[in-house]
file protein.cif (mmCIF, C-alpha atoms and all ligand atoms)
data_protein
#
loop_
_atom_site.label_atom_id
_atom_site.label_comp_id
_atom_site.auth_asym_id
_atom_site.auth_seq_id
_atom_site.Cartn_x
_atom_site.Cartn_y
_atom_site.Cartn_z
CA MET A 19 133.81 170.19 142.91
CA GLY A 20 134.10 168.49 146.32
CA GLU A 21 132.43 169.86 149.48
CA SER A 22 131.10 172.99 147.79
CA MET A 23 128.66 170.88 145.77
CA HIS A 24 126.73 169.75 148.86
CA GLY A 25 124.65 166.57 148.69
CA TRP A 26 127.08 165.07 146.21
CA THR A 27 130.67 164.30 147.19
CA GLY A 28 131.81 164.95 143.60
CA ARG A 29 133.87 161.74 143.42
CA LEU A 30 133.43 158.28 142.04
CA LEU A 31 135.64 155.32 142.99
CA ASP A 32 136.73 153.34 139.93
CA ILE A 33 138.13 149.92 140.93
CA SER A 34 140.02 147.78 138.46
CA LEU A 35 139.71 144.30 139.99
CA SER A 36 142.15 142.51 137.68
CA ASP A 37 145.12 144.65 138.73
CA LYS A 38 143.82 145.67 142.19
CA ALA A 39 143.99 149.37 141.36
CA ALA A 40 141.61 152.11 142.47
CA THR A 41 141.20 155.65 141.17
CA TYR A 42 139.07 158.54 142.37
CA ILE A 43 137.46 160.39 139.48
CA ASP A 44 135.71 163.76 139.59
CA THR A 45 132.24 163.47 138.07
CA PRO A 46 131.27 166.81 136.47
CA PHE A 47 127.79 165.76 135.33
CA LEU A 48 126.26 164.98 138.76
CA TYR A 49 123.84 167.91 138.63
CA ASP A 50 122.28 166.36 135.49
CA TYR A 51 120.82 163.53 137.60
CA ILE A 52 118.43 163.43 140.55
CA GLY A 53 120.00 160.38 142.09
CA GLY A 54 121.63 157.00 141.93
CA ARG A 55 119.82 155.40 139.00
CA GLY A 56 120.53 158.09 136.40
CA LEU A 57 124.09 158.40 137.58
CA GLY A 58 124.64 154.63 137.49
CA VAL A 59 123.22 154.21 134.00
CA ARG A 60 125.28 157.15 132.70
CA LEU A 61 128.47 155.61 134.15
CA PHE A 62 127.62 152.21 132.66
CA TYR A 63 126.86 153.77 129.27
CA GLU A 64 130.26 155.46 129.25
CA ARG A 65 132.15 152.33 130.24
CA ALA A 66 130.57 149.49 128.25
CA SER A 67 129.55 148.68 124.71
CA GLN A 68 125.91 147.87 124.02
CA SER A 69 126.74 144.27 123.12
CA ILE A 70 128.89 143.48 126.15
CA ASN A 71 128.40 140.05 127.71
CA PRO A 72 127.24 140.45 131.36
CA PHE A 73 129.76 137.78 132.38
CA SER A 74 132.67 139.44 130.57
CA PRO A 75 135.28 140.86 132.98
CA LYS A 76 134.91 144.11 131.03
CA CYS A 77 131.27 144.46 132.05
CA PRO A 78 131.02 147.17 134.76
CA LEU A 79 129.04 146.68 137.97
CA ILE A 80 128.12 150.04 139.50
CA PHE A 81 126.63 151.00 142.87
CA SER A 82 125.42 154.58 142.96
CA PHE A 83 123.95 156.83 145.62
CA GLY A 84 121.87 159.98 145.51
CA PRO A 85 122.49 163.53 146.79
CA LEU A 86 120.05 163.04 149.69
CA THR A 87 121.70 159.83 150.95
CA GLY A 88 123.25 160.50 154.34
CA THR A 89 120.82 163.35 155.12
CA ILE A 90 117.60 163.29 157.14
CA ALA A 91 115.43 163.05 153.98
CA PRO A 92 112.77 160.30 154.26
CA THR A 93 113.61 156.96 152.51
CA SER A 94 116.97 158.38 151.36
CA GLY A 95 118.80 155.15 152.24
CA ARG A 96 117.83 153.60 148.93
CA PHE A 97 120.49 153.14 146.23
CA SER A 98 121.02 151.58 142.81
CA ALA A 99 123.02 148.75 141.27
CA VAL A 100 123.53 148.98 137.52
CA SER A 101 125.03 146.48 135.10
CA LYS A 102 124.00 144.24 132.21
CA SER A 103 121.48 141.65 133.34
CA PRO A 104 122.36 138.03 132.49
CA LEU A 105 118.62 137.27 132.62
CA THR A 106 117.44 139.91 130.12
CA ASN A 107 120.72 140.83 128.39
CA THR A 108 119.75 144.50 128.74
CA ILE A 109 121.19 147.37 130.82
CA PHE A 110 119.53 146.83 134.18
CA ASP A 111 119.16 148.72 137.41
CA ALA A 112 118.04 147.20 140.68
CA ASN A 113 117.15 149.19 143.80
CA CYS A 114 117.76 148.42 147.46
CA GLY A 115 117.11 149.90 150.91
CA GLY A 116 118.83 149.21 154.23
CA PHE A 117 121.76 151.14 155.71
CA PHE A 118 124.61 150.33 153.32
CA ALA A 119 124.22 153.43 151.13
CA GLY A 120 124.69 155.85 154.05
CA LYS A 121 127.89 154.09 155.11
CA ALA A 122 129.21 153.88 151.54
CA LYS A 123 128.58 157.53 150.78
CA ALA A 124 130.30 158.34 154.07
CA CYS A 125 133.47 157.02 152.38
CA GLY A 126 133.34 160.23 150.31
CA ILE A 127 132.00 158.74 147.06
CA ASP A 128 128.82 159.04 144.99
CA ALA A 129 129.38 155.74 143.20
CA VAL A 130 131.63 152.69 143.03
CA CYS A 131 132.39 151.22 139.64
CA LEU A 132 133.85 147.68 139.52
CA ILE A 133 135.45 146.45 136.33
CA GLY A 134 137.57 143.35 135.57
CA SER A 135 137.60 140.36 137.88
CA CYS A 136 139.62 139.23 140.91
CA GLN A 137 141.93 136.26 140.47
CA SER A 138 140.53 134.54 143.57
CA PRO A 139 137.45 135.04 145.78
CA SER A 140 137.79 138.43 147.43
CA VAL A 141 136.24 140.89 149.86
CA LEU A 142 136.59 144.58 148.92
CA VAL A 143 137.02 146.81 151.96
CA ILE A 144 136.35 150.48 151.18
CA ASP A 145 137.05 153.37 153.55
CA GLU A 146 137.75 157.07 153.11
CA ASN A 147 141.27 156.38 151.78
CA GLY A 148 140.52 153.81 149.11
CA VAL A 149 140.10 150.05 148.85
CA THR A 150 141.90 146.96 150.12
CA PHE A 151 141.43 143.43 148.81
CA ASP A 152 141.00 140.67 151.39
CA SER A 153 140.70 136.96 150.72
CA ALA A 154 137.20 135.47 150.70
CA LYS A 155 138.35 131.86 150.47
CA MET A 156 136.85 131.04 153.90
CA LEU A 157 133.56 132.68 152.92
CA TRP A 158 133.04 131.20 149.44
CA GLY A 159 130.15 128.75 149.66
CA CYS A 160 128.64 130.37 152.77
CA ASP A 161 125.05 131.53 152.74
CA ILE A 162 124.25 135.21 153.20
CA PRO A 163 123.54 135.29 156.98
CA THR A 164 126.71 133.28 157.73
CA THR A 165 128.79 135.55 155.49
CA ALA A 166 127.37 138.70 157.11
CA THR A 167 128.00 137.37 160.62
CA LYS A 168 131.61 136.44 159.82
CA LEU A 169 132.28 139.81 158.20
CA LYS A 170 130.80 141.70 161.17
CA THR A 171 132.99 139.69 163.51
CA LYS A 172 136.07 140.57 161.47
CA TYR A 173 135.40 144.20 160.53
CA GLY A 174 133.13 145.42 163.33
CA LYS A 175 129.40 145.76 163.86
CA GLY A 176 129.19 149.30 162.45
CA VAL A 177 130.33 148.49 158.89
CA GLY A 178 128.02 148.20 155.88
CA ILE A 179 128.07 144.94 153.93
CA LEU A 180 126.95 143.81 150.49
CA THR A 181 127.24 140.09 149.77
CA ILE A 182 126.22 137.35 147.39
CA GLY A 183 125.13 133.84 148.32
CA PRO A 184 125.86 130.46 146.73
CA ALA A 185 123.45 131.31 143.88
CA GLY A 186 125.59 134.28 142.82
CA GLU A 187 128.74 132.14 143.05
CA ASN A 188 127.08 129.52 140.83
CA LYS A 189 125.93 132.17 138.32
CA VAL A 190 122.23 131.48 138.69
CA LEU A 191 120.75 134.02 136.29
CA PHE A 192 118.44 135.46 138.94
CA SER A 193 120.80 135.67 141.89
CA THR A 194 120.74 138.64 144.25
CA ILE A 195 123.07 140.97 146.09
CA SER A 196 122.06 141.37 149.74
CA THR A 197 122.91 143.92 152.43
CA ASP A 198 123.82 142.81 155.93
CA ASP A 199 120.48 144.10 157.13
CA PHE A 200 118.83 141.85 154.58
CA ARG A 201 117.49 144.35 152.12
CA VAL A 202 118.17 143.00 148.66
CA PHE A 203 118.99 143.95 145.06
CA GLY A 204 116.51 141.33 143.94
CA ARG A 205 115.93 141.54 140.27
CA GLY A 206 117.92 140.93 137.10
CA GLY A 207 120.60 138.54 138.38
CA LEU A 208 123.22 141.14 139.30
CA GLY A 209 124.48 138.74 142.02
CA ALA A 210 125.77 136.51 139.21
CA VAL A 211 127.67 139.47 137.71
CA MET A 212 129.31 140.05 141.11
CA GLY A 213 130.05 136.30 141.38
CA THR A 214 131.69 136.30 137.95
CA LYS A 215 134.02 139.01 139.23
CA ASN A 216 134.98 136.74 142.14
CA ILE A 217 133.70 139.24 144.70
CA LYS A 218 131.96 137.61 147.64
CA ALA A 219 131.35 140.84 149.54
CA ILE A 220 131.96 144.58 149.79
CA VAL A 221 132.54 146.15 153.20
CA VAL A 222 132.24 149.95 153.69
CA LYS A 223 133.56 151.84 156.69
CA GLY A 224 133.04 155.58 155.99
CA LYS A 225 132.44 158.26 158.59
CA ARG A 226 132.02 161.46 156.52
CA ARG A 227 128.80 163.41 156.74
CA THR A 228 126.84 164.49 153.67
CA THR A 229 127.03 168.27 153.58
CA VAL A 230 123.89 170.33 153.10
CA ALA A 231 123.67 173.85 151.66
CA ASP A 232 120.73 174.97 153.85
CA LYS A 233 120.06 172.77 156.89
CA GLU A 234 117.01 174.74 158.06
CA GLN A 235 115.34 174.56 154.66
CA LEU A 236 116.08 170.82 154.35
CA LYS A 237 114.60 170.22 157.81
CA PHE A 238 111.48 172.18 156.83
CA VAL A 239 111.01 170.22 153.58
CA CYS A 240 111.60 166.88 155.36
CA ASP A 241 109.08 167.78 158.08
CA GLN A 242 106.53 168.59 155.37
CA SER A 243 107.29 165.27 153.62
CA ARG A 244 106.80 163.34 156.85
CA LYS A 245 103.47 165.07 157.40
CA LEU A 246 102.37 163.98 153.92
CA LEU A 247 103.44 160.40 154.68
CA GLU A 248 101.50 160.54 157.97
CA ALA A 249 98.40 161.92 156.22
CA ASN A 250 98.32 159.10 153.68
CA PRO A 251 96.63 155.95 155.02
CA ILE A 252 98.88 153.64 152.96
CA THR A 253 102.18 155.03 154.23
CA SER A 254 100.98 155.79 157.78
CA ILE A 255 98.91 152.67 158.53
CA GLY A 256 98.75 150.17 155.66
CA LEU A 257 102.46 149.55 155.12
CA LYS A 258 103.45 150.12 158.75
CA VAL A 259 100.87 147.87 160.38
CA PHE A 260 100.49 145.19 157.71
CA GLY A 261 103.68 145.45 155.59
CA THR A 262 103.70 145.27 151.79
CA ALA A 263 101.48 142.17 152.05
CA ILE A 264 98.61 144.61 152.73
CA LEU A 265 98.35 144.44 148.93
CA VAL A 266 97.18 140.80 148.85
CA ASN A 267 93.52 141.54 149.63
CA ILE A 268 93.50 144.84 147.70
CA ILE A 269 94.95 143.39 144.50
CA ASN A 270 92.87 140.21 144.79
CA THR A 271 89.65 142.22 145.21
CA MET A 272 90.56 144.14 142.04
CA GLY A 273 90.81 140.80 140.20
CA ILE A 274 94.44 141.28 139.19
CA PHE A 275 96.08 138.84 141.63
CA PRO A 276 97.68 136.21 139.37
CA ASN A 277 97.86 132.63 140.65
CA TYR A 278 98.71 129.14 139.35
CA ASN A 279 101.28 130.61 136.91
CA TYR A 280 98.91 133.38 135.85
CA GLN A 281 96.14 130.93 134.87
CA TYR A 282 93.73 132.75 137.22
CA SER A 283 93.47 136.34 138.42
CA GLN A 284 91.58 135.93 141.67
CA THR A 285 91.44 133.46 144.55
CA ASP A 286 89.06 132.76 147.44
CA LYS A 287 92.08 131.86 149.63
CA ALA A 288 93.67 135.32 149.82
CA ASP A 289 92.88 135.69 153.52
CA MET A 290 95.12 132.72 154.33
CA ILE A 291 98.21 134.67 153.28
CA SER A 292 97.20 138.34 153.60
CA GLY A 293 99.10 141.10 155.39
CA GLU A 294 96.35 141.12 158.00
CA THR A 295 96.88 137.39 158.65
CA ILE A 296 100.67 137.83 158.82
CA THR A 297 100.28 140.63 161.38
CA ASN A 298 97.92 138.52 163.47
CA THR A 299 99.95 135.30 163.33
CA ILE A 300 103.67 135.34 162.49
CA LEU A 301 104.74 139.02 162.87
CA LYS A 302 107.50 139.43 165.43
CA LYS A 303 108.92 142.91 164.91
CA ARG A 304 108.66 145.92 162.55
CA LYS A 305 111.75 147.55 161.09
CA ALA A 306 112.74 150.40 158.78
CA CYS A 307 115.56 151.32 156.45
CA LEU A 308 117.77 154.40 156.95
CA ALA A 309 115.76 157.59 157.57
CA CYS A 310 112.40 155.90 156.83
CA SER A 311 109.28 156.48 158.91
CA ILE A 312 107.15 154.02 156.92
CA GLN A 313 108.61 150.85 158.50
CA CYS A 314 107.34 148.32 155.96
CA ASP A 315 110.13 145.85 156.82
CA ARG A 316 109.34 143.10 159.31
CA THR A 317 110.75 140.07 161.07
CA THR A 318 108.49 137.04 161.34
CA ASN A 319 108.44 133.77 163.24
CA ALA A 320 106.74 131.02 161.23
CA ASN A 321 106.73 127.75 163.16
CA GLY A 322 110.04 128.67 164.77
CA VAL A 323 111.61 129.87 161.49
CA ILE A 324 112.74 133.45 162.13
CA SER A 325 113.15 135.45 158.93
CA ARG A 326 112.51 138.77 157.19
CA GLY A 327 109.28 139.32 155.29
CA PRO A 328 107.77 137.76 153.31
CA GLU A 329 107.13 140.85 151.19
CA TYR A 330 104.07 141.02 148.94
CA GLU A 331 105.81 139.95 145.72
CA SER A 332 107.80 137.16 147.40
CA LEU A 333 104.70 135.88 149.17
CA TRP A 334 102.80 135.81 145.89
CA ALA A 335 105.53 134.19 143.76
CA LEU A 336 106.43 131.47 146.26
CA GLY A 337 102.79 131.00 147.29
CA PRO A 338 99.63 131.43 145.16
CA ASP A 339 101.51 131.51 141.86
CA CYS A 340 102.68 127.99 142.75
CA GLY A 341 99.25 127.01 144.12
CA ILE A 342 100.50 127.22 147.73
CA PHE A 343 98.53 129.02 150.45
CA ASP A 344 100.34 127.73 153.56
CA LEU A 345 101.97 130.76 155.21
CA ASN A 346 104.56 128.70 157.11
CA HIS A 347 105.62 126.94 153.91
CA ILE A 348 105.90 130.24 152.03
CA ALA A 349 107.92 131.83 154.87
CA MET A 350 110.43 128.96 154.68
CA SER A 351 110.71 129.25 150.87
CA ASN A 352 111.27 132.98 151.29
CA LYS A 353 113.99 132.41 153.89
CA LEU A 354 115.77 129.89 151.66
CA CYS A 355 115.76 132.31 148.71
CA ASN A 356 117.08 135.14 150.88
CA ASP A 357 119.76 132.99 152.53
CA LEU A 358 120.98 131.42 149.28
CA GLY A 359 120.74 134.65 147.26
CA LEU A 360 117.85 134.03 144.84
CA ASP A 361 115.34 136.56 143.51
CA THR A 362 112.07 135.43 145.11
CA ILE A 363 109.95 136.68 142.19
CA THR A 364 111.85 134.95 139.39
CA CYS A 365 112.45 131.85 141.52
CA GLY A 366 108.76 131.43 142.38
CA SER A 367 107.63 132.27 138.84
CA THR A 368 110.09 129.82 137.30
CA ILE A 369 108.96 127.04 139.64
CA ALA A 370 105.32 127.96 138.80
CA CYS A 371 106.18 127.71 135.10
CA SER A 372 107.79 124.28 135.69
CA MET A 373 104.64 123.18 137.54
CA GLU A 374 102.40 124.04 134.61
CA LEU A 375 104.84 122.41 132.17
CA CYS A 376 104.81 119.33 134.41
CA GLU A 377 101.01 119.23 134.56
CA LYS A 378 100.79 119.56 130.77
CA GLY A 379 103.24 116.68 130.29
CA CYS A 380 106.05 118.84 128.86
CA LEU A 381 108.58 118.09 131.61
CA SER A 382 109.62 114.63 132.72
CA GLU A 383 110.71 115.85 136.17
CA GLY A 384 109.29 118.26 138.74
CA ILE A 385 106.30 118.86 140.98
CA ARG A 386 102.73 120.04 140.31
CA PHE A 387 100.83 123.01 141.70
CA GLY A 388 100.43 122.88 145.47
CA GLU A 389 102.66 119.84 145.93
CA LYS A 390 105.40 119.62 148.57
CA GLY A 391 108.99 119.77 147.35
CA MET A 392 109.52 123.51 146.74
CA HIS A 393 112.23 123.79 149.38
CA ASP A 394 114.31 121.05 147.82
CA ILE A 395 113.92 122.63 144.37
CA ILE A 396 115.01 126.06 145.68
CA ARG A 397 118.19 124.53 147.13
CA LYS A 398 118.87 122.69 143.87
CA ILE A 399 118.46 125.90 141.86
CA ALA A 400 120.97 127.76 144.05
CA TYR A 401 123.57 125.01 143.60
CA ARG A 402 122.61 124.25 139.96
CA ASP A 403 122.11 120.69 141.06
CA GLY A 404 120.30 118.26 138.71
CA PHE A 405 116.75 119.45 137.93
CA GLY A 406 117.58 122.79 139.60
CA ASP A 407 120.14 123.55 136.89
CA SER A 408 117.41 123.70 134.23
CA LEU A 409 115.45 126.18 136.36
CA ALA A 410 118.48 128.30 137.23
CA ASN A 411 118.27 130.19 133.92
CA GLY A 412 114.73 131.47 134.49
CA SER A 413 111.32 130.64 133.06
CA LYS A 414 111.86 131.92 129.50
CA ARG A 415 114.71 129.55 128.76
CA LEU A 416 112.98 126.69 130.62
CA ALA A 417 109.71 127.01 128.69
CA GLU A 418 111.49 127.48 125.36
CA ALA A 419 113.50 124.29 125.94
CA ALA A 420 110.25 122.44 126.73
CA GLY A 421 108.67 123.70 123.50
CA ARG A 422 106.02 125.84 125.29
CA PRO A 423 107.46 129.40 125.42
CA GLU A 424 103.97 130.86 126.03
CA LEU A 425 103.93 129.28 129.51
CA ALA A 426 106.70 131.56 130.80
CA MET A 427 105.17 134.68 132.36
CA GLN A 428 107.97 137.05 131.41
CA VAL A 429 108.85 140.16 129.45
CA LYS A 430 112.27 140.18 127.76
CA GLY A 431 113.27 137.30 130.05
CA LEU A 432 112.26 139.01 133.31
CA GLU A 433 109.34 137.39 135.13
CA MET A 434 106.38 139.71 135.72
CA PRO A 435 105.56 140.60 139.32
CA ALA A 436 102.21 140.22 141.09
CA TYR A 437 99.94 142.57 139.15
CA ASP A 438 98.09 140.95 136.26
CA PRO A 439 98.43 143.31 133.27
CA ARG A 440 95.22 141.91 131.73
CA GLY A 441 93.39 143.94 134.39
CA ALA A 442 96.08 146.51 135.21
CA GLN A 443 96.75 147.64 131.68
CA GLY A 444 98.95 150.59 132.66
CA MET A 445 101.12 148.01 134.40
CA GLY A 446 101.38 146.18 131.07
CA LEU A 447 102.98 149.27 129.57
CA ALA A 448 105.40 149.42 132.48
CA TYR A 449 106.34 145.77 131.91
CA ALA A 450 106.83 146.41 128.18
CA ARG A 451 109.57 148.98 128.84
CA ILE A 452 111.59 146.67 131.14
S1 LIG A 501 111.32 150.50 155.27
FE1 LIG A 501 110.09 149.99 153.46
S2 LIG A 501 109.29 151.95 152.71
FE2 LIG A 501 111.01 152.41 154.09
S3 LIG A 501 112.78 152.60 152.68
FE3 LIG A 501 112.74 150.48 153.49
S4 LIG A 501 111.62 149.34 151.89
FE4 LIG A 501 111.17 151.53 151.55
#

call {"tool": "encode", "arguments": {"input": "protein.cif", "output": "structure tokens"}}
result
Amino acid sequence: MGESMHGWTGRLLDISLSDKAATYIDTPFLYDYIGGRGLGVRLFYERASQSINPFSPKCPLIFSFGPLTGTIAPTSGRFSAVSKSPLTNTIFDANCGGFFAGKAKACGIDAVCLIGSCQSPSVLVIDENGVTFDSAKMLWGCDIPTTATKLKTKYGKGVGILTIGPAGENKVLFSTISTDDFRVFGRGGLGAVMGTKNIKAIVVKGKRRTTVADKEQLKFVCDQSRKLLEANPITSIGLKVFGTAILVNIINTMGIFPNYNYQYSQTDKADMISGETITNTILKKRKACLACSIQCDRTTNANGVISRGPEYESLWALGPDCGIFDLNHIAMSNKLCNDLGLDTITCGSTIACSMELCEKGCLSEGIRFGEKGMHDIIRKIAYRDGFGDSLANGSKRLAEAAGRPELAMQVKGLEMPAYDPRGAQGMGLAYARI
């Protein structure tokens, strides 16, 4: 165990929040898994019963990293969060990029498992010696950028940060966990699980290097991988130049671009919101996660609103699926979701569902497709305020309460993303196994 394993550190950090205790545990089965997701699910499976309530203190929340994290391997900054989803009530894993994973693994751990709940809002600070619990009273209620800025001021610019926004605090069933560099665990509502545990943020401050058995061989394999990425037009040009929104025109041309709450599968307005249009109008800067040459991440300036993205799925859910094709409006919706800690896909899809319910006379309150008012609704969802409270549990519960469950575009409670399975039938199978 330990350094001789290479890639893996051989240790997991088990944190009992209720009694502020932390234990390092050797994990003998690491070689059975390629990376973070398998490891995270295995740890969850060992620690929770199948019927556990996601909001029970006993429900584990696990962040897990892979053996390549911290090396030069392309895209190896990605990592997993695993818990029970309050949206689907199933074991759920979400995936995130950014730089957090490298800094967390540098604390000498392959995973962090949180169980129990803190008595008051807390920040967990993890370094190579263990964990300390700091008060988050001054941060509770802050949005994600404000929280990240305050934490960087307190703990230093070089730390890694995971945080929830007001949506996670208010247990919105599709709230996110965000990194300080604004990559996000978007799906499944794991931000609400973190909020239930009274954890506003996790700060990591590790400095250990991931050890490698054969540096020369790893360098050779990584060079070959980069050449493959360069040879592929999607990873060398499409995603780099136009971002993930390059998919708008491709998917629309294929006739599988859902819009107006999946009532249609194609639009003649795709050019208004395409990756090409974003690059030519609002793109400010390209960025990349740890060890990634693809650089699909971007900063945009839409009418003076500086934000990240919008990514393809966010753009679709907060735009065409709601009958909106105004790029500036979509960019603002996207920023609000990211700042408040809401999953852009479920948020947009749930609002789209409410719009169709409204148009069909099944809801007494709300807006119709293409109407102004989205931004106000997004804020209300995050704070569970008035009409927003009925949307904060996702489209399945909303449509069932309105007596029209067939108008929620979801599988097992999770809203489908931006590929219409009526045309992309293989995608339908992927949705079915959510
Ligand atoms: S920059 Fe894009 S492609 Fe690269 S790891 Fe991050 S999300 Fe993935």

call {"tool": "residues_near_ligand", "arguments": {"input": "protein.cif", "ligand": "ligand LIG 501 (chain A)", "cutoff": "10 Å", "atoms": "only C-alpha atoms and all ligand atoms", "output": "number ranges by chain"}}
result
A: 92-96, 113-117, 201-202, 253, 257-258, 261-262, 304-316, 329

call {"tool": "write_last_selection", "arguments": {"input": "protein.cif", "atoms": "C-alpha atoms", "output": "short mmCIF file (atom, residue, chain, number, x, y, z; two decimals), keeping the file's coordinate frame"}}
result
data_model
loop_
_atom_site.label_atom_id
_atom_site.label_comp_id
_atom_site.auth_asym_id
_atom_site.auth_seq_id
_atom_site.Cartn_x
_atom_site.Cartn_y
_atom_site.Cartn_z
CA PRO A 92 112.77 160.30 154.26
CA THR A 93 113.61 156.96 152.51
CA SER A 94 116.97 158.38 151.36
CA GLY A 95 118.80 155.15 152.24
CA ARG A 96 117.83 153.60 148.93
CA ASN A 113 117.15 149.19 143.80
CA CYS A 114 117.76 148.42 147.46
CA GLY A 115 117.11 149.90 150.91
CA GLY A 116 118.83 149.21 154.23
CA PHE A 117 121.76 151.14 155.71
CA ARG A 201 117.49 144.35 152.12
CA VAL A 202 118.17 143.00 148.66
CA THR A 253 102.18 155.03 154.23
CA LEU A 257 102.46 149.55 155.12
CA LYS A 258 103.45 150.12 158.75
CA GLY A 261 103.68 145.45 155.59
CA THR A 262 103.70 145.27 151.79
CA ARG A 304 108.66 145.92 162.55
CA LYS A 305 111.75 147.55 161.09
CA ALA A 306 112.74 150.40 158.78
CA CYS A 307 115.56 151.32 156.45
CA LEU A 308 117.77 154.40 156.95
CA ALA A 309 115.76 157.59 157.57
CA CYS A 310 112.40 155.90 156.83
CA SER A 311 109.28 156.48 158.91
CA ILE A 312 107.15 154.02 156.92
CA GLN A 313 108.61 150.85 158.50
CA CYS A 314 107.34 148.32 155.96
CA ASP A 315 110.13 145.85 156.82
CA ARG A 316 109.34 143.10 159.31
CA GLU A 329 107.13 140.85 151.19
#

call {"tool": "residues_around", "arguments": {"input": "protein.cif", "residues": "segment 40-42 of chain A", "least_positions_apart": "3", "cutoff": "7 Å", "atoms": "only C-alpha atoms", "output": "ChimeraX atom specification"}}
result
/A:29-34,148-149

call {"tool": "atom_distance", "arguments": {"input": "protein.cif", "atom1": "atom CA of Ala436 of chain A", "atom2": "atom CA of Ser193 of chain A"}}
result
19.2 Å

call {"tool": "residues_near_point", "arguments": {"input": "protein.cif", "point": "(105.3, 122.6, 140.7)", "cutoff": "6 Å", "atoms": "only C-alpha atoms", "output": "PyMOL selection string"}}
result
chain A and resi 369-370+372-373+385-387

call {"tool": "atom_distance", "arguments": {"input": "protein.cif", "atom1": "atom CA of Ser254 of chain A", "atom2": "atom CA of Tyr330 of chain A"}}
result
17.5 Å

call {"tool": "residues_near_point", "arguments": {"input": "protein.cif", "point": "(93.2, 144.8, 147.1)", "cutoff": "12 Å", "atoms": "only C-alpha atoms", "output": "count of residues only"}}
result
25

call {"tool": "atom_distance", "arguments": {"input": "protein.cif", "atom1": "atom CA of Gly134 of chain A", "atom2": "atom CA of Cys77 of chain A"}}
result
7.3 Å

call {"tool": "axis_aligned_box", "arguments": {"input": "protein.cif", "around": "segment 231-248 of chain A", "padding_each_side": "3 Å", "output": "lines of an AutoDock Vina configuration file"}}
result
center_x = 112.6
center_y = 167.7
center_z = 154.9
size_x = 28.2
size_y = 20.6
size_z = 12.4

call {"tool": "residues_around", "arguments": {"input": "protein.cif", "residues": "segment 393-407 of chain A", "least_positions_apart": "3", "cutoff": "12 Å", "atoms": "all atoms listed in the file", "output": "PyMOL selection string"}}
result
chain A and resi 159-161+182-194+209-210+336+346-362+364-370+372-373+381-385+389-390+410-413+415-416

call {"tool": "closest_residue", "arguments": {"input": "protein.cif", "among": "A:Ile291, A:Arg451, A:Ile220, A:Trp334", "to": "Thr108 of chain A", "atoms": "only C-alpha atoms"}}
result
A:Arg451

call {"tool": "closest_residue", "arguments": {"input": "protein.cif", "among": "A:Tyr278, A:Asn216, A:Gln428, A:Pro338", "to": "Leu375 of chain A", "atoms": "only C-alpha atoms"}}
result
A:Tyr278

call {"tool": "closest_residue", "arguments": {"input": "protein.cif", "among": "A:Asp44, A:Asp50, A:Asp111, A:Asp438", "to": "Gly207 of chain A", "atoms": "all atoms listed in the file"}}
result
A:Asp111

call {"tool": "residues_around", "arguments": {"input": "protein.cif", "residues": "Thr106 of chain A", "least_positions_apart": "3", "cutoff": "10 Å", "atoms": "all atoms listed in the file", "output": "NGL selection string"}}
result
:A and (72 or 102-103 or 109-110 or 191-192 or 206-207 or 412 or 414 or 428-433 or 452)

call {"tool": "residues_around", "arguments": {"input": "protein.cif", "residues": "Lys76 of chain A", "least_positions_apart": "4", "cutoff": "9 Å", "atoms": "all atoms listed in the file", "output": "PyMOL selection string"}}
result
chain A and resi 65-66+70-72+133-135

call {"tool": "residues_around", "arguments": {"input": "protein.cif", "residues": "Leu169 of chain A", "least_positions_apart": "6", "cutoff": "9 Å", "atoms": "all atoms listed in the file", "output": "PyMOL selection string"}}
result
chain A and resi 157+175+177+179+219+221
